>>> print(open('input.cif').read())   # mmCIF, C-alpha atoms
data_input
#
loop_
_atom_site.group_PDB
_atom_site.id
_atom_site.type_symbol
_atom_site.label_atom_id
_atom_site.label_comp_id
_atom_site.auth_asym_id
_atom_site.auth_seq_id
_atom_site.Cartn_x
_atom_site.Cartn_y
_atom_site.Cartn_z
ATOM 1 C CA MET A 30 -227.453 202.112 66.132
ATOM 2 C CA LYS A 31 -224.194 202.033 68.078
ATOM 3 C CA ASN A 32 -223.606 202.955 71.695
ATOM 4 C CA PRO A 33 -221.569 206.081 72.446
ATOM 5 C CA PRO A 34 -217.813 205.286 72.659
ATOM 6 C CA ALA A 35 -217.658 205.858 76.446
ATOM 7 C CA LEU A 36 -220.542 203.422 76.967
ATOM 8 C CA GLU A 37 -218.883 200.838 74.715
ATOM 9 C CA GLN A 38 -215.703 201.238 76.756
ATOM 10 C CA LEU A 39 -217.666 200.642 79.979
ATOM 11 C CA ILE A 40 -219.313 197.521 78.532
ATOM 12 C CA GLU A 41 -215.932 196.193 77.393
ATOM 13 C CA GLY A 42 -214.487 196.943 80.851
ATOM 14 C CA LEU A 43 -217.257 194.998 82.594
ATOM 15 C CA ARG A 44 -216.600 191.977 80.363
ATOM 16 C CA CYS A 45 -213.298 191.378 82.151
ATOM 17 C CA LEU A 46 -215.278 190.083 85.155
ATOM 18 C CA PRO A 47 -215.578 186.272 85.366
ATOM 19 C CA GLY A 48 -218.836 184.913 83.990
ATOM 20 C CA VAL A 49 -219.852 188.233 82.400
ATOM 21 C CA GLY A 50 -220.559 188.005 78.696
ATOM 22 C CA PRO A 51 -221.478 190.776 76.241
ATOM 23 C CA LYS A 52 -225.205 190.840 77.098
ATOM 24 C CA SER A 53 -224.652 190.823 80.877
ATOM 25 C CA ALA A 54 -222.021 193.559 80.584
ATOM 26 C CA GLN A 55 -224.408 195.659 78.522
ATOM 27 C CA ARG A 56 -227.243 195.195 81.050
ATOM 28 C CA MET A 57 -224.913 196.160 83.922
ATOM 29 C CA ALA A 58 -223.670 199.246 82.102
ATOM 30 C CA TYR A 59 -227.204 200.375 81.236
ATOM 31 C CA HIS A 60 -228.333 199.784 84.829
ATOM 32 C CA LEU A 61 -225.438 201.757 86.325
ATOM 33 C CA LEU A 62 -225.918 204.712 83.974
ATOM 34 C CA GLN A 63 -229.723 204.783 84.003
ATOM 35 C CA ARG A 64 -230.716 203.680 87.490
ATOM 36 C CA ASP A 65 -227.721 203.886 89.821
ATOM 37 C CA ARG A 66 -225.260 206.611 88.925
ATOM 38 C CA LYS A 67 -224.451 207.092 92.617
ATOM 39 C CA GLY A 68 -223.628 203.362 92.904
ATOM 40 C CA ALA A 69 -221.576 203.551 89.702
ATOM 41 C CA ASN A 70 -219.580 206.459 91.097
ATOM 42 C CA GLY A 71 -219.037 204.589 94.385
ATOM 43 C CA LEU A 72 -217.890 201.523 92.433
ATOM 44 C CA ALA A 73 -215.456 203.612 90.370
ATOM 45 C CA LEU A 74 -214.003 205.273 93.486
ATOM 46 C CA ALA A 75 -213.717 201.965 95.379
ATOM 47 C CA LEU A 76 -212.038 200.269 92.419
ATOM 48 C CA ASP A 77 -209.606 203.155 91.953
ATOM 49 C CA ASN A 78 -208.783 203.164 95.674
ATOM 50 C CA ALA A 79 -208.263 199.382 95.770
ATOM 51 C CA LEU A 80 -205.925 199.559 92.790
ATOM 52 C CA GLN A 81 -203.897 202.227 94.592
ATOM 53 C CA VAL A 82 -203.618 200.684 98.071
ATOM 54 C CA VAL A 83 -204.074 196.904 97.816
ATOM 55 C CA GLY A 84 -201.020 194.793 97.065
ATOM 56 C CA HIS A 85 -199.667 191.356 97.959
ATOM 57 C CA CYS A 86 -198.288 190.258 101.316
ATOM 58 C CA LYS A 87 -194.533 189.684 101.082
ATOM 59 C CA LEU A 88 -194.859 186.412 103.008
ATOM 60 C CA CYS A 89 -198.142 184.726 102.083
ATOM 61 C CA ASN A 90 -199.010 186.523 98.827
ATOM 62 C CA THR A 91 -202.623 187.336 99.811
ATOM 63 C CA PHE A 92 -204.151 190.774 99.331
ATOM 64 C CA THR A 93 -203.230 193.386 101.926
ATOM 65 C CA GLU A 94 -202.768 197.126 102.346
ATOM 66 C CA GLN A 95 -199.560 196.594 104.349
ATOM 67 C CA PRO A 96 -196.253 195.012 103.249
ATOM 68 C CA VAL A 97 -197.104 192.013 105.500
ATOM 69 C CA CYS A 98 -200.721 191.010 106.270
ATOM 70 C CA THR A 99 -202.232 190.718 109.754
ATOM 71 C CA LEU A 100 -202.251 186.895 109.671
ATOM 72 C CA CYS A 101 -198.532 186.755 108.947
ATOM 73 C CA THR A 102 -197.713 189.220 111.729
ATOM 74 C CA SER A 103 -199.882 187.469 114.333
ATOM 75 C CA GLU A 104 -197.924 185.800 117.129
ATOM 76 C CA LYS A 105 -200.884 183.462 117.773
ATOM 77 C CA ARG A 106 -200.334 181.556 114.526
ATOM 78 C CA ASP A 107 -198.344 178.314 114.304
ATOM 79 C CA ALA A 108 -195.473 179.216 111.971
ATOM 80 C CA SER A 109 -194.450 175.558 111.592
ATOM 81 C CA LEU A 110 -197.551 174.848 109.454
ATOM 82 C CA LEU A 111 -197.975 176.355 105.996
ATOM 83 C CA CYS A 112 -201.272 175.826 104.172
ATOM 84 C CA VAL A 113 -201.213 176.387 100.405
ATOM 85 C CA VAL A 114 -204.464 177.604 98.834
ATOM 86 C CA GLU A 115 -205.372 178.789 95.355
ATOM 87 C CA MET A 116 -207.142 182.075 96.120
ATOM 88 C CA PRO A 117 -207.766 184.498 99.014
ATOM 89 C CA THR A 118 -211.376 183.265 99.103
ATOM 90 C CA ASP A 119 -210.065 179.785 99.976
ATOM 91 C CA LEU A 120 -207.997 181.276 102.807
ATOM 92 C CA MET A 121 -211.093 183.033 104.154
ATOM 93 C CA MET A 122 -213.151 179.835 104.036
ATOM 94 C CA LEU A 123 -210.475 177.945 105.981
ATOM 95 C CA GLU A 124 -210.253 180.773 108.515
ATOM 96 C CA ASN A 125 -214.035 180.649 108.985
ATOM 97 C CA THR A 126 -213.782 177.013 110.123
ATOM 98 C CA GLN A 127 -211.552 178.078 113.058
ATOM 99 C CA ALA A 128 -209.940 174.632 112.708
ATOM 100 C CA TYR A 129 -206.557 175.802 111.419
ATOM 101 C CA THR A 130 -204.137 178.125 113.205
ATOM 102 C CA GLY A 131 -201.068 177.898 110.992
ATOM 103 C CA MET A 132 -199.770 180.183 108.255
ATOM 104 C CA TYR A 133 -200.840 180.395 104.606
ATOM 105 C CA PHE A 134 -199.472 180.813 101.126
ATOM 106 C CA VAL A 135 -201.888 181.979 98.416
ATOM 107 C CA LEU A 136 -200.969 180.917 94.886
ATOM 108 C CA MET A 137 -203.406 183.349 93.212
ATOM 109 C CA GLY A 138 -204.367 180.615 90.778
ATOM 110 C CA ARG A 139 -203.492 177.072 89.790
ATOM 111 C CA LEU A 140 -201.399 175.415 87.111
ATOM 112 C CA SER A 141 -203.251 175.481 83.804
ATOM 113 C CA PRO A 142 -200.930 175.190 80.788
ATOM 114 C CA LEU A 143 -203.819 175.591 78.335
ATOM 115 C CA ASP A 144 -204.547 179.013 79.868
ATOM 116 C CA GLY A 145 -200.875 179.969 79.965
ATOM 117 C CA VAL A 146 -200.593 179.580 83.746
ATOM 118 C CA GLY A 147 -197.314 177.947 84.714
ATOM 119 C CA PRO A 148 -195.171 177.744 87.877
ATOM 120 C CA LYS A 149 -194.011 181.365 87.529
ATOM 121 C CA GLU A 150 -197.557 182.741 87.364
ATOM 122 C CA ILE A 151 -198.539 181.065 90.649
ATOM 123 C CA HIS A 152 -195.376 182.200 92.463
ATOM 124 C CA LEU A 153 -193.938 178.734 93.123
ATOM 125 C CA ASP A 154 -190.419 180.123 93.563
ATOM 126 C CA LYS A 155 -191.690 182.273 96.436
ATOM 127 C CA LEU A 156 -193.540 179.275 97.940
ATOM 128 C CA ILE A 157 -190.460 177.028 97.777
ATOM 129 C CA LYS A 158 -188.358 179.691 99.471
ATOM 130 C CA ARG A 159 -190.973 180.105 102.221
ATOM 131 C CA ALA A 160 -191.291 176.345 102.753
ATOM 132 C CA GLN A 161 -187.528 176.060 103.235
ATOM 133 C CA ASP A 162 -187.163 178.948 105.693
ATOM 134 C CA GLY A 163 -186.183 176.627 108.556
ATOM 135 C CA ILE A 164 -189.406 177.365 110.451
ATOM 136 C CA VAL A 165 -191.979 175.509 108.330
ATOM 137 C CA GLN A 166 -192.213 171.827 109.308
ATOM 138 C CA GLU A 167 -195.189 170.802 107.164
ATOM 139 C CA VAL A 168 -196.842 172.157 104.036
ATOM 140 C CA ILE A 169 -200.556 171.372 103.761
ATOM 141 C CA LEU A 170 -201.817 171.412 100.177
ATOM 142 C CA ALA A 171 -205.378 172.739 100.159
ATOM 143 C CA THR A 172 -205.866 173.299 96.450
ATOM 144 C CA ASN A 173 -209.266 172.511 94.978
ATOM 145 C CA TYR A 174 -210.158 168.974 93.963
ATOM 146 C CA THR A 175 -210.359 169.834 90.270
ATOM 147 C CA VAL A 176 -208.101 168.515 87.520
ATOM 148 C CA GLU A 177 -205.996 171.688 87.712
ATOM 149 C CA GLY A 178 -206.045 171.768 91.524
ATOM 150 C CA ASP A 179 -204.926 168.144 91.742
ATOM 151 C CA ALA A 180 -202.175 168.728 89.168
ATOM 152 C CA THR A 181 -201.007 171.786 91.097
ATOM 153 C CA ALA A 182 -200.947 169.879 94.397
ATOM 154 C CA HIS A 183 -199.042 166.993 92.799
ATOM 155 C CA TYR A 184 -196.493 169.332 91.192
ATOM 156 C CA ILE A 185 -195.896 171.225 94.439
ATOM 157 C CA SER A 186 -195.644 168.026 96.497
ATOM 158 C CA GLU A 187 -192.981 166.675 94.135
ATOM 159 C CA LEU A 188 -190.992 169.915 94.310
ATOM 160 C CA LEU A 189 -191.125 169.983 98.101
ATOM 161 C CA ARG A 190 -190.495 166.256 98.583
ATOM 162 C CA ASN A 191 -187.317 166.545 96.515
ATOM 163 C CA ARG A 192 -186.205 169.254 98.938
ATOM 164 C CA GLY A 193 -187.011 167.201 102.034
ATOM 165 C CA VAL A 194 -190.103 169.190 103.052
ATOM 166 C CA LYS A 195 -192.980 167.227 104.606
ATOM 167 C CA THR A 196 -196.219 167.689 102.651
ATOM 168 C CA SER A 197 -199.812 166.604 103.210
ATOM 169 C CA ARG A 198 -203.078 167.042 101.281
ATOM 170 C CA ILE A 199 -206.445 167.978 102.762
ATOM 171 C CA ALA A 200 -208.873 165.049 102.866
ATOM 172 C CA ARG A 201 -211.997 164.760 100.759
ATOM 173 C CA GLY A 202 -215.154 162.761 101.111
ATOM 174 C CA MET A 203 -218.641 163.015 102.565
ATOM 175 C CA PRO A 204 -219.863 166.537 103.345
ATOM 176 C CA MET A 205 -220.930 167.286 106.909
ATOM 177 C CA GLY A 206 -224.645 166.511 107.218
ATOM 178 C CA GLY A 207 -224.654 164.857 103.789
ATOM 179 C CA GLU A 208 -226.813 161.848 103.002
ATOM 180 C CA ILE A 209 -225.257 159.036 100.969
ATOM 181 C CA GLU A 210 -228.105 158.840 98.446
ATOM 182 C CA TYR A 211 -227.522 162.475 97.411
ATOM 183 C CA VAL A 212 -223.723 162.401 97.177
ATOM 184 C CA ASP A 213 -222.101 162.018 93.757
ATOM 185 C CA SER A 214 -220.345 158.715 93.062
ATOM 186 C CA GLY A 215 -216.848 160.253 92.780
ATOM 187 C CA THR A 216 -217.095 161.850 96.241
ATOM 188 C CA LEU A 217 -218.540 158.658 97.709
ATOM 189 C CA ALA A 218 -215.761 156.542 96.187
ATOM 190 C CA GLN A 219 -213.126 158.906 97.583
ATOM 191 C CA ALA A 220 -214.760 158.808 101.016
ATOM 192 C CA MET A 221 -214.584 155.019 100.929
ATOM 193 C CA MET A 222 -210.910 155.013 99.900
ATOM 194 C CA GLU A 223 -209.951 157.578 102.552
ATOM 195 C CA ARG A 224 -211.867 155.935 105.391
ATOM 196 C CA ARG A 225 -210.219 155.774 108.823
ATOM 197 C CA SER A 226 -210.647 153.603 111.872
ATOM 198 C CA VAL A 227 -213.195 154.569 114.526
ATOM 199 C CA LYS A 228 -211.650 155.521 117.869
#
>>> encode(input="input.cif", output="structure tokens")
Amino acid sequence: MKNPPALEQLIEGLRCLPGVGPKSAQRMAYHLLQRDRKGANGLALALDNALQVVGHCKLCNTFTEQPVCTLCTSEKRDASLLCVVEMPTDLMMLENTQAYTGMYFVLMGRLSPLDGVGPKEIHLDKLIKRAQDGIVQEVILATNYTVEGDATAHYISELLRNRGVKTSRIARGMPMGGEIEYVDSGTLAQAMMERRSVK
């Protein structure tokens, strides 16, 4: 027996979410229609509203309801520092540390040729223009330490270095409160290579 067409459409729509396969999408659809129609309606309204009002900041490329986001308009931020992150979630994590007060640029992804993601898809032209605005003195590359994140950081650093822009990369190593016996060997090796003198 087949599902009604509208239900099949809902299941297919839910499959666009990361990590949601056919079975999970079907369970979600059944749950929303059978047990939480009010929640389903709220989800539909919220999604429709977000699609209407949320866009990208003209300066940093993160999500915002205004042409320029609140971080970019803040006079308390250090405009000479520009931190490049992959996603808005990375920006939020860095903000939560309260250790960085500069500006941001959100790539909305990372270079991944196998997935069809090249320099254009991660807005590198916009980043290069921002980095050369005469205000930015240093670009901090805070992409993830994955194969794609490292490749993206390397590619950006080469582009900026050729244009005379100072670049740096966030450090990696031992996690705060981590015990050596529980840390993976790659992280431990990197921590050893990036050691610094004790003051």
>>> residues_around(input="input.cif", residues="Asp119 (chain A)", least_positions_apart="5", cutoff="9 Å", atoms="all atoms listed in the file", output="PyMOL selection string")
chain A and resi 114+124+135+171-173
>>> residues_around(input="input.cif", residues="region 140-142 of chain A", least_positions_apart="6", cutoff="10 Å", atoms="all atoms listed in the file", output="count of residues only")
13
>>> resolve_selection(input="input.cif", expression="the PyMOL selection byres ((chain A and resi 97) around 6)", output="PyMOL selection string")
chain A and resi 86-87+95-96+98
>>> axis_aligned_box(input="input.cif", around="region 161-168 of chain A", padding_each_side="3 Å", output="lines of an AutoDock Vina configuration file")
center_x = -191.5
center_y = 174.9
center_z = 106.8
size_x = 16.7
size_y = 14.1
size_z = 13.2
>>> resolve_selection(input="input.cif", expression="the PyMOL selection byres ((chain A and resi 91) around 10)", output="number ranges by chain")
A: 83-90, 92-93, 97-98, 100, 114, 116-118, 120, 133-137
>>> closest_residue(input="input.cif", among="A:Val227, A:Leu43, A:Val82, A:Val113", to="Ile169 (chain A)", atoms="all atoms listed in the file")
A:Val113
>>> closest_residue(input="input.cif", among="A:Gln55, A:Ser109, A:Asn70, A:Thr99", to="Ile164 (chain A)", atoms="all atoms listed in the file")
A:Ser109
>>> closest_residue(input="input.cif", among="A:Ser53, A:Gln38, A:Asn32, A:Gln166", to="Thr196 (chain A)", atoms="only C-alpha atoms")
A:Gln166
>>> atom_distance(input="input.cif", atom1="CA of Gly131 (chain A)", atom2="CA of Cys112 (chain A)")
7.1 Å
>>> closest_residue(input="input.cif", among="A:Thr102, A:Asp77, A:Ala58, A:Pro51", to="Leu39 (chain A)", atoms="only C-alpha atoms")
A:Ala58
>>> build_atoms(input="input.cif", residues="region 99-110 of chain A", atoms="all heavy atoms", output="mmCIF file, keeping the file's coordinate frame")
data_model
loop_
_atom_site.group_PDB
_atom_site.id
_atom_site.type_symbol
_atom_site.label_atom_id
_atom_site.label_comp_id
_atom_site.auth_asym_id
_atom_site.auth_seq_id
_atom_site.Cartn_x
_atom_site.Cartn_y
_atom_site.Cartn_z
ATOM 1 N N THR A 99 -202.017 190.911 108.310
ATOM 2 C CA THR A 99 -202.232 190.718 109.754
ATOM 3 C C THR A 99 -202.068 189.259 110.184
ATOM 4 O O THR A 99 -201.615 188.994 111.287
ATOM 5 C CB THR A 99 -203.621 191.218 110.175
ATOM 6 O OG1 THR A 99 -204.617 190.582 109.362
ATOM 7 C CG2 THR A 99 -203.738 192.721 110.017
ATOM 8 N N LEU A 100 -202.430 188.309 109.314
ATOM 9 C CA LEU A 100 -202.251 186.895 109.671
ATOM 10 C C LEU A 100 -200.772 186.557 109.822
ATOM 11 O O LEU A 100 -200.375 185.846 110.739
ATOM 12 C CB LEU A 100 -202.878 185.979 108.625
ATOM 13 C CG LEU A 100 -204.387 185.770 108.688
ATOM 14 C CD1 LEU A 100 -204.857 184.921 107.521
ATOM 15 C CD2 LEU A 100 -204.802 185.132 109.994
ATOM 16 N N CYS A 101 -199.969 187.066 108.916
ATOM 17 C CA CYS A 101 -198.532 186.755 108.947
ATOM 18 C C CYS A 101 -197.815 187.436 110.111
ATOM 19 O O CYS A 101 -196.758 186.971 110.536
ATOM 20 C CB CYS A 101 -197.873 187.134 107.630
ATOM 21 S SG CYS A 101 -198.301 186.016 106.271
ATOM 22 N N THR A 102 -198.351 188.534 110.610
ATOM 23 C CA THR A 102 -197.713 189.220 111.729
ATOM 24 C C THR A 102 -198.246 188.754 113.082
ATOM 25 O O THR A 102 -197.694 189.117 114.119
ATOM 26 C CB THR A 102 -197.895 190.756 111.624
ATOM 27 O OG1 THR A 102 -199.293 191.054 111.547
ATOM 28 C CG2 THR A 102 -197.165 191.311 110.421
ATOM 29 N N SER A 103 -199.288 187.936 113.074
ATOM 30 C CA SER A 103 -199.882 187.469 114.333
ATOM 31 C C SER A 103 -198.967 186.482 115.049
ATOM 32 O O SER A 103 -198.474 185.524 114.441
ATOM 33 C CB SER A 103 -201.230 186.798 114.059
ATOM 34 O OG SER A 103 -201.718 186.189 115.244
ATOM 35 N N GLU A 104 -198.752 186.705 116.327
ATOM 36 C CA GLU A 104 -197.924 185.800 117.129
ATOM 37 C C GLU A 104 -198.714 184.580 117.599
ATOM 38 O O GLU A 104 -198.156 183.653 118.176
ATOM 39 C CB GLU A 104 -197.342 186.555 118.325
ATOM 40 C CG GLU A 104 -196.350 187.621 117.907
ATOM 41 C CD GLU A 104 -195.772 188.387 119.081
ATOM 42 O OE1 GLU A 104 -196.021 187.996 120.242
ATOM 43 O OE2 GLU A 104 -195.067 189.378 118.834
ATOM 44 N N LYS A 105 -200.020 184.576 117.362
ATOM 45 C CA LYS A 105 -200.884 183.462 117.773
ATOM 46 C C LYS A 105 -200.896 182.322 116.752
ATOM 47 O O LYS A 105 -201.413 181.253 117.019
ATOM 48 C CB LYS A 105 -202.312 183.956 118.006
ATOM 49 C CG LYS A 105 -202.435 184.944 119.146
ATOM 50 C CD LYS A 105 -203.857 185.415 119.297
ATOM 51 C CE LYS A 105 -203.972 186.431 120.434
ATOM 52 N NZ LYS A 105 -205.333 186.957 120.559
ATOM 53 N N ARG A 106 -200.327 182.569 115.576
ATOM 54 C CA ARG A 106 -200.334 181.556 114.526
ATOM 55 C C ARG A 106 -199.165 180.599 114.694
ATOM 56 O O ARG A 106 -198.105 180.968 115.181
ATOM 57 C CB ARG A 106 -200.235 182.217 113.139
ATOM 58 C CG ARG A 106 -201.201 183.334 112.862
ATOM 59 C CD ARG A 106 -202.636 182.942 112.865
ATOM 60 N NE ARG A 106 -203.003 181.989 111.824
ATOM 61 C CZ ARG A 106 -204.261 181.736 111.475
ATOM 62 N NH1 ARG A 106 -205.260 182.360 112.062
ATOM 63 N NH2 ARG A 106 -204.529 180.846 110.552
ATOM 64 N N ASP A 107 -199.385 179.341 114.264
ATOM 65 C CA ASP A 107 -198.344 178.314 114.304
ATOM 66 C C ASP A 107 -197.510 178.409 113.031
ATOM 67 O O ASP A 107 -197.934 177.971 111.954
ATOM 68 C CB ASP A 107 -199.000 176.932 114.425
ATOM 69 C CG ASP A 107 -197.991 175.802 114.511
ATOM 70 O OD1 ASP A 107 -196.772 176.058 114.353
ATOM 71 O OD2 ASP A 107 -198.420 174.653 114.726
ATOM 72 N N ALA A 108 -196.333 178.980 113.135
ATOM 73 C CA ALA A 108 -195.473 179.216 111.971
ATOM 74 C C ALA A 108 -194.864 177.942 111.403
ATOM 75 O O ALA A 108 -194.276 177.961 110.324
ATOM 76 C CB ALA A 108 -194.368 180.201 112.336
ATOM 77 N N SER A 109 -195.013 176.813 112.098
ATOM 78 C CA SER A 109 -194.450 175.558 111.592
ATOM 79 C C SER A 109 -195.349 174.907 110.543
ATOM 80 O O SER A 109 -194.937 173.998 109.838
ATOM 81 C CB SER A 109 -194.204 174.579 112.742
ATOM 82 O OG SER A 109 -195.427 174.110 113.268
ATOM 83 N N LEU A 110 -196.604 175.373 110.438
ATOM 84 C CA LEU A 110 -197.551 174.848 109.454
ATOM 85 C C LEU A 110 -197.800 175.890 108.371
ATOM 86 O O LEU A 110 -198.045 177.059 108.669
ATOM 87 C CB LEU A 110 -198.880 174.502 110.119
ATOM 88 C CG LEU A 110 -198.871 173.384 111.151
ATOM 89 C CD1 LEU A 110 -200.234 173.265 111.810
ATOM 90 C CD2 LEU A 110 -198.473 172.063 110.508
#
